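One file, my_file25.tsv, is given below (TSV, C-alpha atoms).
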chain	number	residue	atom	x	y	z
A	1	MET	CA	77.77	11.11	-3.70
A	2	HIS	CA	76.20	14.00	-5.59
A	3	ASP	CA	74.23	16.75	-3.88
A	4	ILE	CA	71.54	16.65	-6.56
A	5	ILE	CA	70.78	14.26	-9.41
A	6	ILE	CA	68.47	15.65	-12.08
A	7	ILE	CA	66.71	13.17	-14.36
A	8	GLY	CA	65.95	14.77	-17.71
A	9	ALA	CA	67.72	17.37	-19.80
A	10	GLY	CA	64.85	19.37	-21.25
A	11	PRO	CA	64.16	22.98	-20.23
A	12	ALA	CA	62.95	21.99	-16.73
A	13	GLY	CA	65.89	19.68	-15.96
A	14	VAL	CA	68.58	21.97	-17.36
A	15	SER	CA	67.06	25.05	-15.73
A	16	SER	CA	67.03	23.30	-12.34
A	17	GLY	CA	70.65	22.32	-12.94
A	18	LEU	CA	71.71	25.86	-13.79
A	19	TYR	CA	70.19	27.31	-10.63
A	20	ALA	CA	71.46	24.51	-8.40
A	21	LYS	CA	74.99	24.64	-9.83
A	22	ARG	CA	75.17	28.43	-9.52
A	23	ALA	CA	74.08	28.07	-5.89
A	24	GLY	CA	77.11	25.86	-5.28
A	25	ALA	CA	75.63	22.35	-5.48
A	26	ASN	CA	77.38	19.34	-6.97
A	27	VAL	CA	74.97	18.38	-9.77
A	28	LEU	CA	74.62	15.43	-12.13
A	29	ILE	CA	72.12	15.42	-15.00
A	30	LEU	CA	71.10	12.01	-16.38
A	31	TYR	CA	69.13	11.98	-19.61
A	32	TYR	CA	68.11	9.53	-22.30
A	33	GLY	CA	65.96	9.49	-25.43
A	34	GLU	CA	64.33	12.31	-27.28
A	35	SER	CA	62.90	15.28	-25.39
A	36	ASN	CA	59.50	16.65	-26.45
A	37	LEU	CA	61.27	19.94	-27.09
A	38	GLU	CA	63.51	18.30	-29.70
A	39	LYS	CA	60.43	17.24	-31.62
A	40	ALA	CA	59.07	20.81	-31.87
A	41	THR	CA	59.90	22.19	-35.30
A	42	LYS	CA	59.62	25.84	-34.36
A	43	ILE	CA	58.83	27.64	-31.12
A	44	GLU	CA	57.45	31.09	-31.75
A	45	ASN	CA	55.95	31.98	-28.38
A	46	TYR	CA	59.01	31.82	-26.15
A	47	TYR	CA	60.38	35.14	-24.93
A	48	GLY	CA	63.32	36.77	-26.70
A	49	PHE	CA	63.59	34.99	-30.06
A	50	ILE	CA	62.64	37.47	-32.77
A	51	ASN	CA	61.96	34.85	-35.45
A	52	GLY	CA	61.20	31.93	-33.14
A	53	ILE	CA	63.63	29.09	-32.56
A	54	ASP	CA	63.91	25.48	-33.66
A	55	GLY	CA	63.03	23.12	-30.76
A	56	LYS	CA	66.06	20.91	-31.31
A	57	LYS	CA	68.37	23.93	-31.32
A	58	LEU	CA	66.88	25.31	-28.11
A	59	TYR	CA	67.24	21.88	-26.50
A	60	ASN	CA	70.87	21.51	-27.60
A	61	ASN	CA	71.65	25.07	-26.47
A	62	GLY	CA	70.35	24.19	-23.01
A	63	LEU	CA	72.46	21.07	-22.83
A	64	GLU	CA	75.58	22.99	-23.94
A	65	GLN	CA	74.85	25.76	-21.44
A	66	ALA	CA	74.69	23.18	-18.63
A	67	LYS	CA	77.99	21.62	-19.71
A	68	ASN	CA	79.67	25.03	-20.04
A	69	LEU	CA	78.71	25.84	-16.49
A	70	GLY	CA	80.52	22.68	-15.37
A	71	ILE	CA	77.47	20.49	-14.72
A	72	GLU	CA	78.19	16.79	-15.15
A	73	VAL	CA	75.86	15.47	-17.86
A	74	LYS	CA	75.51	11.77	-18.74
A	75	ASN	CA	73.45	10.05	-21.39
A	76	GLU	CA	72.10	7.09	-19.41
A	77	GLU	CA	68.57	5.75	-18.98
A	78	VAL	CA	67.37	5.82	-15.39
A	79	LEU	CA	65.42	2.66	-14.53
A	80	ASN	CA	64.62	3.11	-10.85
A	81	ILE	CA	64.92	5.49	-7.89
A	82	LYS	CA	65.03	4.35	-4.26
A	83	LYS	CA	65.35	6.23	-1.00
A	84	ILE	CA	67.27	4.42	1.71
A	85	ASN	CA	68.31	6.06	4.97
A	86	GLU	CA	67.84	9.64	3.74
A	87	GLN	CA	69.87	8.89	0.62
A	88	PHE	CA	68.59	8.49	-2.92
A	89	ILE	CA	69.86	5.68	-5.12
A	90	VAL	CA	69.38	6.27	-8.83
A	91	LYS	CA	69.79	3.11	-10.89
A	92	THR	CA	70.69	3.15	-14.57
A	93	GLU	CA	71.28	0.08	-16.76
A	94	ASN	CA	74.81	-0.54	-15.53
A	95	LYS	CA	75.39	1.85	-12.65
A	96	GLU	CA	73.99	3.19	-9.41
A	97	TYR	CA	74.41	6.81	-8.38
A	98	THR	CA	73.69	8.28	-4.97
A	99	ALA	CA	72.46	11.75	-4.09
A	100	LYS	CA	71.06	13.78	-1.22
A	101	SER	CA	68.29	15.11	-3.42
A	102	VAL	CA	66.69	14.16	-6.75
A	103	ILE	CA	64.77	16.24	-9.27
A	104	ILE	CA	62.50	14.39	-11.73
A	105	ALA	CA	62.23	16.34	-14.97
A	106	THR	CA	61.47	13.54	-17.38
A	107	GLY	CA	58.58	15.14	-19.25
A	108	ASN	CA	55.04	13.82	-19.39
A	109	LYS	CA	54.80	10.03	-19.46
A	110	LYS	CA	51.66	8.00	-19.81
A	111	LEU	CA	51.57	5.39	-17.07
A	112	ARG	CA	48.86	3.12	-18.43
A	113	PRO	CA	48.70	1.46	-21.84
A	114	ASN	CA	45.49	1.95	-23.75
A	115	ILE	CA	44.29	-1.63	-23.26
A	116	LYS	CA	40.83	-2.60	-22.07
A	117	GLY	CA	40.93	-3.96	-18.53
A	118	VAL	CA	44.07	-2.21	-17.27
A	119	THR	CA	42.37	0.21	-14.88
A	120	GLN	CA	39.79	-2.37	-13.82
A	121	PHE	CA	42.44	-4.85	-12.63
A	122	GLU	CA	44.84	-2.44	-10.94
A	123	GLY	CA	45.71	-4.03	-7.61
A	124	LYS	CA	44.05	-7.25	-8.83
A	125	GLY	CA	46.90	-8.54	-10.94
A	126	ILE	CA	48.07	-5.37	-12.66
A	127	SER	CA	51.12	-3.85	-11.02
A	128	TYR	CA	53.53	-0.99	-11.69
A	129	CYS	CA	56.34	-2.12	-9.38
A	130	ALA	CA	58.06	-5.49	-9.71
A	131	ILE	CA	60.16	-5.02	-6.57
A	132	CYS	CA	57.09	-4.17	-4.48
A	133	ASP	CA	54.66	-6.79	-5.74
A	134	GLY	CA	56.74	-9.61	-7.26
A	135	PHE	CA	56.50	-11.46	-3.95
A	136	PHE	CA	52.76	-12.03	-4.45
A	137	TYR	CA	53.46	-13.93	-7.67
A	138	ARG	CA	55.83	-16.56	-6.33
A	139	ASN	CA	55.88	-19.54	-8.74
A	140	LYS	CA	53.21	-17.90	-10.91
A	141	ASN	CA	53.19	-16.93	-14.58
A	142	VAL	CA	53.52	-13.22	-15.23
A	143	VAL	CA	54.17	-10.87	-18.12
A	144	VAL	CA	55.72	-7.43	-18.40
A	145	ILE	CA	54.08	-5.08	-20.90
A	146	GLY	CA	56.77	-2.85	-22.39
A	147	ASN	CA	59.36	-2.65	-25.11
A	148	GLY	CA	62.67	-1.37	-23.75
A	149	LYS	CA	65.36	-1.59	-21.09
A	150	PHE	CA	62.78	-0.61	-18.52
A	151	ALA	CA	60.68	-3.70	-19.29
A	152	ILE	CA	63.79	-5.92	-19.20
A	153	SER	CA	64.79	-4.41	-15.85
A	154	GLU	CA	61.35	-5.22	-14.40
A	155	ALA	CA	61.49	-8.75	-15.84
A	156	ASN	CA	64.92	-9.20	-14.23
A	157	ASP	CA	63.47	-8.19	-10.85
A	158	LEU	CA	60.78	-10.87	-11.27
A	159	LYS	CA	62.64	-13.81	-12.81
A	160	ASN	CA	63.94	-15.36	-9.58
A	161	ILE	CA	60.57	-15.21	-7.84
A	162	VAL	CA	58.04	-16.21	-10.49
A	163	ASN	CA	57.69	-19.39	-12.52
A	164	ASN	CA	57.80	-17.69	-15.89
A	165	VAL	CA	58.06	-14.14	-17.20
A	166	LYS	CA	57.52	-12.99	-20.78
A	167	ILE	CA	57.71	-9.51	-22.24
A	168	LEU	CA	54.70	-8.35	-24.28
A	169	THR	CA	55.43	-5.38	-26.53
A	170	ASN	CA	51.78	-4.82	-27.55
A	171	GLY	CA	52.58	-4.44	-31.24
A	172	LEU	CA	55.82	-2.48	-30.87
A	173	GLU	CA	59.22	-3.55	-32.12
A	174	MET	CA	61.83	-4.47	-29.56
A	175	GLU	CA	65.46	-5.38	-29.90
A	176	ASN	CA	65.83	-8.36	-27.60
A	177	THR	CA	69.03	-8.07	-25.63
A	178	SER	CA	67.70	-10.25	-22.83
A	179	GLU	CA	66.98	-13.88	-21.99
A	180	PHE	CA	63.21	-13.33	-21.95
A	181	GLU	CA	60.69	-14.50	-24.51
A	182	ILE	CA	59.30	-11.53	-26.40
A	183	VAL	CA	55.73	-11.52	-27.75
A	184	THR	CA	55.02	-8.70	-30.20
A	185	GLN	CA	51.32	-9.31	-30.91
A	186	LYS	CA	48.96	-6.44	-30.19
A	187	ILE	CA	46.83	-6.90	-27.09
A	188	LYS	CA	43.05	-6.55	-27.31
A	189	GLU	CA	41.86	-7.00	-23.74
A	190	ILE	CA	42.75	-8.21	-20.27
A	191	HIS	CA	40.26	-10.67	-18.78
A	192	GLY	CA	39.61	-11.91	-15.26
A	193	ASP	CA	37.14	-11.95	-12.40
A	194	GLU	CA	38.40	-11.17	-8.90
A	195	ARG	CA	41.85	-11.06	-10.43
A	196	VAL	CA	43.61	-11.13	-13.80
A	197	LYS	CA	43.25	-14.46	-15.60
A	198	LYS	CA	44.19	-14.06	-19.24
A	199	ILE	CA	45.27	-11.77	-22.02
A	200	GLU	CA	43.49	-11.74	-25.36
A	201	PHE	CA	45.45	-10.64	-28.42
A	202	GLU	CA	43.94	-8.92	-31.45
A	203	ASP	CA	44.43	-12.05	-33.54
A	204	GLY	CA	42.15	-13.95	-31.14
A	205	ASN	CA	44.87	-15.94	-29.36
A	206	THR	CA	44.92	-15.88	-25.57
A	207	ILE	CA	47.46	-16.65	-22.85
A	208	ASP	CA	46.75	-17.43	-19.20
A	209	VAL	CA	48.53	-15.11	-16.76
A	210	ASP	CA	48.48	-14.51	-13.01
A	211	GLY	CA	50.04	-11.08	-13.09
A	212	ILE	CA	50.81	-8.22	-15.45
A	213	PHE	CA	53.55	-5.68	-14.76
A	214	ILE	CA	53.45	-2.43	-16.71
A	215	ALA	CA	56.76	-0.90	-17.88
A	216	LEU	CA	56.05	1.01	-21.08
A	217	GLY	CA	58.83	2.46	-23.22
A	218	GLN	CA	61.35	4.49	-21.29
A	219	ALA	CA	60.81	4.89	-17.53
A	220	GLY	CA	59.34	8.31	-16.77
A	221	GLY	CA	58.02	10.37	-13.90
A	222	SER	CA	54.80	8.42	-13.38
A	223	ASP	CA	56.72	5.10	-13.36
A	224	PHE	CA	59.22	6.37	-10.78
A	225	ALA	CA	56.28	7.66	-8.75
A	226	LYS	CA	54.81	4.16	-8.52
A	227	LYS	CA	58.15	2.66	-7.46
A	228	ILE	CA	59.10	5.15	-4.78
A	229	GLY	CA	55.65	6.19	-3.57
A	230	LEU	CA	55.00	9.61	-5.07
A	231	MET	CA	51.46	10.87	-5.26
A	232	LEU	CA	50.07	11.24	-8.76
A	233	ASN	CA	47.17	13.11	-10.26
A	234	LYS	CA	46.46	10.85	-13.26
A	235	ASP	CA	49.93	10.71	-14.86
A	236	ASN	CA	51.26	13.89	-13.24
A	237	ILE	CA	53.46	14.06	-10.15
A	238	ILE	CA	51.86	16.19	-7.44
A	239	VAL	CA	54.13	19.00	-6.19
A	240	ASP	CA	53.69	22.00	-3.95
A	241	GLU	CA	54.59	25.60	-4.89
A	242	ASN	CA	58.28	24.81	-4.23
A	243	MET	CA	58.15	21.78	-6.59
A	244	LYS	CA	58.47	19.45	-3.61
A	245	THR	CA	56.76	16.07	-3.88
A	246	ASN	CA	55.32	14.15	-0.92
A	247	ILE	CA	58.83	12.70	-0.34
A	248	ASP	CA	61.42	14.86	1.44
A	249	GLY	CA	64.33	15.71	-0.83
A	250	LEU	CA	62.51	14.69	-3.99
A	251	TYR	CA	61.37	17.41	-6.40
A	252	SER	CA	59.74	17.40	-9.80
A	253	CYS	CA	59.28	20.06	-12.47
A	254	GLY	CA	58.18	20.73	-16.03
A	255	ASP	CA	55.78	18.51	-17.99
A	256	ALA	CA	56.18	15.66	-15.44
A	257	THR	CA	54.01	17.73	-13.09
A	258	GLY	CA	51.35	18.56	-15.69
A	259	GLY	CA	49.83	22.02	-16.16
A	260	LEU	CA	50.89	24.14	-19.13
A	261	LEU	CA	53.16	21.97	-21.29
A	262	GLN	CA	55.26	24.94	-22.36
A	263	VAL	CA	58.96	25.86	-22.21
A	264	CYS	CA	58.25	28.99	-20.12
A	265	LYS	CA	56.50	26.95	-17.42
A	266	ALA	CA	59.23	24.27	-17.49
A	267	VAL	CA	61.95	26.91	-17.06
A	268	TYR	CA	60.19	28.49	-14.08
A	269	ASP	CA	59.49	25.09	-12.50
A	270	GLY	CA	63.12	24.10	-13.02
A	271	ALA	CA	64.46	27.25	-11.38
A	272	LYS	CA	62.18	26.73	-8.40
A	273	ALA	CA	63.02	23.01	-8.10
A	274	GLY	CA	66.77	23.70	-8.34
A	275	LEU	CA	66.67	26.33	-5.61
A	276	SER	CA	64.41	24.22	-3.39
A	277	ALA	CA	66.71	21.21	-3.74
A	278	VAL	CA	69.77	23.32	-2.86
A	279	LYS	CA	68.00	24.66	0.23
A	280	TYR	CA	67.12	21.09	1.25
A	281	VAL	CA	70.71	19.85	0.74
A	282	LYS	CA	72.21	22.77	2.68
A	283	ASN	CA	69.89	22.15	5.62
A	284	LYS	CA	70.81	18.48	5.82
B	1	MET	CA	45.00	6.20	19.19
B	2	SER	CA	48.14	4.17	18.63
B	3	VAL	CA	48.60	2.02	15.55
B	4	PHE	CA	48.39	-1.67	16.34
B	5	LYS	CA	49.92	-4.68	14.65
B	6	ILE	CA	47.51	-6.95	12.79
B	7	THR	CA	48.45	-10.61	12.59
B	8	GLU	CA	46.69	-13.78	11.55
B	9	GLU	CA	46.29	-14.55	15.27
B	10	ASN	CA	44.63	-11.30	16.35
B	11	PHE	CA	42.72	-10.45	13.15
B	12	GLU	CA	39.37	-11.84	14.30
B	13	GLU	CA	39.46	-10.05	17.61
B	14	GLU	CA	40.96	-6.74	16.46
B	15	VAL	CA	39.14	-6.29	13.14
B	16	MET	CA	36.01	-8.42	12.90
B	17	ASN	CA	34.65	-8.06	16.40
B	18	VAL	CA	34.78	-4.30	16.77
B	19	ASP	CA	32.01	-1.74	16.40
B	20	LYS	CA	34.05	1.12	14.95
B	21	PRO	CA	35.68	1.43	11.51
B	22	VAL	CA	39.03	-0.35	11.17
B	23	LEU	CA	41.83	0.62	8.79
B	24	ILE	CA	44.48	-1.92	7.84
B	25	ASP	CA	47.63	-0.94	5.97
B	26	PHE	CA	49.03	-4.02	4.19
B	27	TYR	CA	52.76	-3.48	3.64
B	28	ALA	CA	56.19	-5.13	3.40
B	29	ASP	CA	59.59	-3.93	4.56
B	30	TRP	CA	61.16	-4.07	1.08
B	31	CYS	CA	58.48	-1.96	-0.56
B	32	GLY	CA	59.49	1.68	-1.17
B	33	PRO	CA	55.97	3.12	-1.55
B	34	CYS	CA	54.93	1.35	1.69
B	35	LYS	CA	57.56	3.38	3.55
B	36	MET	CA	55.97	6.56	2.21
B	37	MET	CA	52.49	5.37	3.21
B	38	SER	CA	53.48	4.42	6.76
B	39	PRO	CA	53.77	7.98	8.22
B	40	ILE	CA	50.46	8.89	6.54
B	41	ILE	CA	48.82	5.99	8.39
B	42	ASP	CA	50.37	7.22	11.67
B	43	GLU	CA	48.92	10.69	11.07
B	44	ILE	CA	45.47	9.21	10.35
B	45	ALA	CA	45.57	7.29	13.65
B	46	GLU	CA	46.55	10.46	15.48
B	47	GLU	CA	43.84	12.58	13.86
B	48	LEU	CA	41.01	10.10	14.32
B	49	GLY	CA	41.73	9.32	17.96
B	50	ASP	CA	39.19	6.91	19.40
B	51	THR	CA	36.73	7.12	16.52
B	52	ALA	CA	38.49	4.41	14.47
B	53	LYS	CA	41.04	1.63	14.86
B	54	VAL	CA	44.17	1.80	12.76
B	55	GLY	CA	46.44	-1.18	12.15
B	56	LYS	CA	49.35	-2.32	10.01
B	57	CYS	CA	49.77	-5.82	8.63
B	58	ASN	CA	53.16	-7.10	7.46
B	59	THR	CA	52.22	-9.20	4.41
B	60	ASP	CA	55.54	-11.04	4.53
B	61	GLU	CA	54.77	-12.36	8.01
B	62	ASN	CA	51.03	-12.81	7.41
B	63	LEU	CA	50.77	-14.12	3.87
B	64	GLY	CA	47.58	-15.97	4.76
B	65	LEU	CA	45.79	-12.69	5.49
B	66	ALA	CA	47.15	-11.12	2.31
B	67	GLN	CA	45.87	-14.08	0.31
B	68	LYS	CA	42.52	-14.07	2.09
B	69	PHE	CA	41.94	-10.49	0.99
B	70	ASN	CA	43.47	-10.94	-2.48
B	71	ILE	CA	46.26	-8.41	-1.81
B	72	MET	CA	48.41	-8.32	-4.95
B	73	SER	CA	49.89	-4.82	-4.77
B	74	ILE	CA	51.29	-2.99	-1.78
B	75	PRO	CA	50.68	-0.69	-0.08
B	76	THR	CA	46.99	-1.56	0.05
B	77	VAL	CA	44.79	0.13	2.62
B	78	MET	CA	41.50	-1.57	3.50
B	79	ILE	CA	38.70	-0.06	5.51
B	80	PHE	CA	36.50	-2.52	7.42
B	81	LYS	CA	33.13	-1.64	8.87
B	82	SER	CA	31.25	-4.25	10.93
B	83	GLY	CA	33.62	-6.91	9.67
B	84	ASN	CA	33.03	-6.11	5.97
B	85	ILE	CA	35.38	-4.47	3.51
B	86	GLU	CA	34.01	-0.98	2.95
B	87	LYS	CA	36.74	0.41	0.69
B	88	THR	CA	40.15	-0.53	-0.72
B	89	PHE	CA	42.91	1.90	-1.69
B	90	VAL	CA	45.80	0.57	-3.77
B	91	GLY	CA	49.07	2.54	-3.80
B	92	VAL	CA	50.11	5.65	-1.90
B	93	THR	CA	46.89	7.53	-1.19
B	94	ASP	CA	46.07	10.99	0.07
B	95	LYS	CA	45.33	11.21	3.78
B	96	GLN	CA	42.07	13.14	3.45
B	97	GLN	CA	40.68	10.66	0.94
B	98	ILE	CA	41.17	7.84	3.45
B	99	ILE	CA	39.90	9.81	6.44
B	100	GLU	CA	36.63	10.57	4.60
B	101	THR	CA	35.80	6.86	4.42
B	102	LEU	CA	36.53	6.36	8.11
B	103	LYS	CA	33.99	8.90	9.28

Structure encoded using structure tokens:
Amino acid sequence: MHDIIIIGAGPAGVSSGLYAKRAGANVLILYYGESNLEKATKIENYYGFINGIDGKKLYNNGLEQAKNLGIEVKNEEVLNIKKINEQFIVKTENKEYTAKSVIIATGNKKLRPNIKGVTQFEGKGISYCAICDGFFYRNKNVVVIGNGKFAISEANDLKNIVNNVKILTNGLEMENTSEFEIVTQKIKEIHGDERVKKIEFEDGNTIDVDGIFIALGQAGGSDFAKKIGLMLNKDNIIVDENMKTNIDGLYSCGDATGGLLQVCKAVYDGAKAGLSAVKYVKNK
Amino acid sequence: MSVFKITEENFEEEVMNVDKPVLIDFYADWCGPCKMMSPIIDEIAEELGDTAKVGKCNTDENLGLAQKFNIMSIPTVMIFKSGNIEKTFVGVTDKQQIIETLK
């Protein structure tokens, strides 16, 4: 078991790792996909770089710094986080890791797709957690809206309970490595009355559904929040001044918590989250 | 006031036939967010004392009630006043937000 698992390797995640490792904790960083920092061509407002610095270079420097300090770093996509008996279980595609504390530093992630009807039918057929709500759709027809391993993982959690599950990519491409039927048409609107009834595509076709599970792109902070029970303010994880969430032992930092989406803020948040997590682990 | 267990058998008596606001937390044992909501519900019961009734309903054991109220996501917290649904909260919800509707 690790003392602390950090999800995300941007400035918030790496910074939390540096502080936690230097304080003596056994740390694992799990990361996947492209960080927002990597996409920044040049950062000219971060302290200490006379001519600015390329975002990708700053990101890679951080990752190398973490490795040089002896932090275990793995490129794996996290699909779910659970807390059982004071222990966190972090699930990736093929493995499960355990830790005493977890820091979510996955950047900002939009929870809801921009489809008419999504907000209206939340709790009335729209769900963000297959494990929690799959039970209510026994022998029913459901879809997962998403286009990656996260969507497949949710569909896998549903397949033995429901009658039929399809994955709807809403116009995005998806390499199908699963047994599920993939529908790539763009969605226009979700219809229903007391509950979800059907999905209308932009080409005018419709399908009848009893439930819709949302699992967009790569799982991020807001998705984990829905699965483990973190409080959100829109898409942002709510933390206190020590970066603690409403769940003991679970911290979040950087863009995942909203506020100023800047490297300086992410670095501060990370330092605070790392130290808070170490304090929590040592008091266990 | 202590938190009581809502079942299909006692629902009528404990929820419909009472003159104060009633909160019901619909949950299941396998649901992670429900475990986070549960202590919040306990705190609400403690804070409100005798001014409201607070109950928890295991949806796995009382599927009929869950279906009756169209519960499709858990945790769902429902506030009943005079036997009618006054407000529904889906997902882990802030304590103060719930308490406001119980006053």

Notebook entry, point to check: For the atom pair CA of Lys57 (chain A) and CA of Val267 (chain A), what is the interatomic distance in Å to one decimal place?
Noted result: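 Separation of CA of Lys57 (chain A) and CA of Val267 (chain A): 15.9 Å.
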
Check: Taking all atoms listed in the file into account, what are the residues of chain A at most 6 Å from chain B, put as an MDAnalysis selection string?
Finding: chainID A and resid 123:124 132:133 136 228:229

Notebook entry, point to check: Rounded to one decimal in Å, what is the spacing between CA of Glu175 (chain A) and CA of Lys227 (chain A)?
Noted result: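 These two atoms are separated by 24.9 Å.
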
Near-Leu250 (chain A) list (7 Å; all atoms listed in the file; drop same-chain fewer than 6 positions) as an mmCIF file with C-alpha atoms, keeping the file's coordinate frame:
data_model
loop_
_atom_site.group_PDB
_atom_site.id
_atom_site.type_symbol
_atom_site.label_atom_id
_atom_site.label_comp_id
_atom_site.auth_asym_id
_atom_site.auth_seq_id
_atom_site.Cartn_x
_atom_site.Cartn_y
_atom_site.Cartn_z
ATOM 1 C CA SER A 101 68.290 15.110 -3.420
ATOM 2 C CA VAL A 102 66.690 14.160 -6.750
ATOM 3 C CA ILE A 103 64.770 16.240 -9.270
ATOM 4 C CA LYS A 244 58.470 19.450 -3.610
#

Can you report as lines of an AutoDock Vina configuration file the centre and edge lengths in Å, to one decimal, of an axis-aligned box around the listed atoms of region 57-61 of chain B padded with 3 Å on each side?
center_x = 52.7
center_y = -9.1
center_z = 6.5
size_x = 11.8
size_y = 12.5
size_z = 10.2

Notebook entry, point to check: Do you have the CA of Ile212 (chain A)-CA of Val162 (chain A) distance handy?
Noted result: 11.9 Å

Margin query: I'd like the neighbourhood of region 199-211 of chain A as a count of residues only, where a residue qualifies if any of its atoms comes within 8 Å (using only C-alpha atoms), though same-chain residues fewer than 2 positions away should be ignored.
Written below: 19

Next item on the list: With a distance cut-off of 10 Å and all atoms listed in the file, select the neighbouring residues of Phe4 (chain B), excluding the residue or stretch itself and same-chain residues fewer than 3 positions from it, and output the selection as an NGL selection string.
Entry: :B and (1 or 7 or 14 or 24 or 45 or 53-57)

Skipping near chain neighbours, those fewer than 5 positions away, what residues fall within 8 Å of region 60-75 of chain A using only C-alpha atoms, listed as a CSV table (one decimal) with C-alpha atoms, keeping the file's coordinate frame?
chain,number,residue,atom,x,y,z
A,9,ALA,CA,67.7,17.4,-19.8
A,10,GLY,CA,64.8,19.4,-21.2
A,11,PRO,CA,64.2,23.0,-20.2
A,14,VAL,CA,68.6,22.0,-17.4
A,17,GLY,CA,70.6,22.3,-12.9
A,18,LEU,CA,71.7,25.9,-13.8
A,21,LYS,CA,75.0,24.6,-9.8
A,26,ASN,CA,77.4,19.3,-7.0
A,27,VAL,CA,75.0,18.4,-9.8
A,28,LEU,CA,74.6,15.4,-12.1
A,29,ILE,CA,72.1,15.4,-15.0
A,30,LEU,CA,71.1,12.0,-16.4
A,31,TYR,CA,69.1,12.0,-19.6
A,32,TYR,CA,68.1,9.5,-22.3

Next item on the list: For Val22 (chain B), work out the shell of residues within 7 Å, counting only C-alpha atoms and skipping chain neighbours fewer than 6 positions away, then give it as a PyMOL selection string.
Entry: chain B and resi 15+52-54+79-81

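Counting only C-alpha atoms, the residue from A:Ile81, A:Leu168, A:Leu37, A:Ile7 that sits nearest to Asp54 (chain A) is A:Leu37.
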
Next item on the list: May I ask which of the residues A:His2, A:Leu261, A:Glu34, A:Tyr268 is the closest one to Phe88 (chain A), counting all atoms listed in the file?
Entry: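 That would be A:His2, the residue with the smallest distance to Phe88 (chain A).
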
Restore N, CA and C atoms in region 94-108 of chain A and list the result as an mmCIF file, in the coordinates of the input.
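The result, stored in rebuild-v3.cif:
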data_model
loop_
_atom_site.group_PDB
_atom_site.id
_atom_site.type_symbol
_atom_site.label_atom_id
_atom_site.label_comp_id
_atom_site.auth_asym_id
_atom_site.auth_seq_id
_atom_site.Cartn_x
_atom_site.Cartn_y
_atom_site.Cartn_z
ATOM 1 N N ASN A 94 73.599 0.099 -16.041
ATOM 2 C CA ASN A 94 74.810 -0.540 -15.530
ATOM 3 C C ASN A 94 75.388 0.078 -14.262
ATOM 4 N N LYS A 95 74.790 1.162 -13.792
ATOM 5 C CA LYS A 95 75.390 1.850 -12.650
ATOM 6 C C LYS A 95 74.351 2.275 -11.625
ATOM 7 N N GLU A 96 74.846 2.580 -10.434
ATOM 8 C CA GLU A 96 73.990 3.190 -9.410
ATOM 9 C C GLU A 96 74.656 4.465 -8.937
ATOM 10 N N TYR A 97 73.896 5.535 -8.868
ATOM 11 C CA TYR A 97 74.410 6.810 -8.380
ATOM 12 C C TYR A 97 73.688 7.136 -7.081
ATOM 13 N N THR A 98 74.362 7.870 -6.201
ATOM 14 C CA THR A 98 73.690 8.280 -4.970
ATOM 15 C C THR A 98 73.645 9.807 -4.889
ATOM 16 N N ALA A 99 72.618 10.299 -4.226
ATOM 17 C CA ALA A 99 72.460 11.750 -4.090
ATOM 18 C C ALA A 99 71.650 12.073 -2.843
ATOM 19 N N LYS A 100 71.834 13.325 -2.381
ATOM 20 C CA LYS A 100 71.060 13.780 -1.220
ATOM 21 C C LYS A 100 69.655 14.196 -1.658
ATOM 22 N N SER A 101 69.578 14.650 -2.903
ATOM 23 C CA SER A 101 68.290 15.110 -3.420
ATOM 24 C C SER A 101 68.165 14.726 -4.895
ATOM 25 N N VAL A 102 66.926 14.525 -5.344
ATOM 26 C CA VAL A 102 66.690 14.160 -6.750
ATOM 27 C C VAL A 102 65.597 15.060 -7.319
ATOM 28 N N ILE A 103 65.799 15.468 -8.566
ATOM 29 C CA ILE A 103 64.770 16.240 -9.270
ATOM 30 C C ILE A 103 64.323 15.425 -10.496
ATOM 31 N N ILE A 104 63.039 15.123 -10.579
ATOM 32 C CA ILE A 104 62.500 14.390 -11.730
ATOM 33 C C ILE A 104 61.980 15.401 -12.753
ATOM 34 N N ALA A 105 62.623 15.415 -13.907
ATOM 35 C CA ALA A 105 62.230 16.340 -14.970
ATOM 36 C C ALA A 105 62.184 15.571 -16.287
ATOM 37 N N THR A 106 61.439 14.491 -16.273
ATOM 38 C CA THR A 106 61.470 13.540 -17.380
ATOM 39 C C THR A 106 60.378 13.786 -18.427
ATOM 40 N N GLY A 107 59.658 14.885 -18.297
ATOM 41 C CA GLY A 107 58.580 15.140 -19.250
ATOM 42 C C GLY A 107 57.332 14.355 -18.904
ATOM 43 N N ASN A 108 56.277 14.543 -19.708
ATOM 44 C CA ASN A 108 55.040 13.820 -19.390
ATOM 45 C C ASN A 108 55.130 12.388 -19.905
#
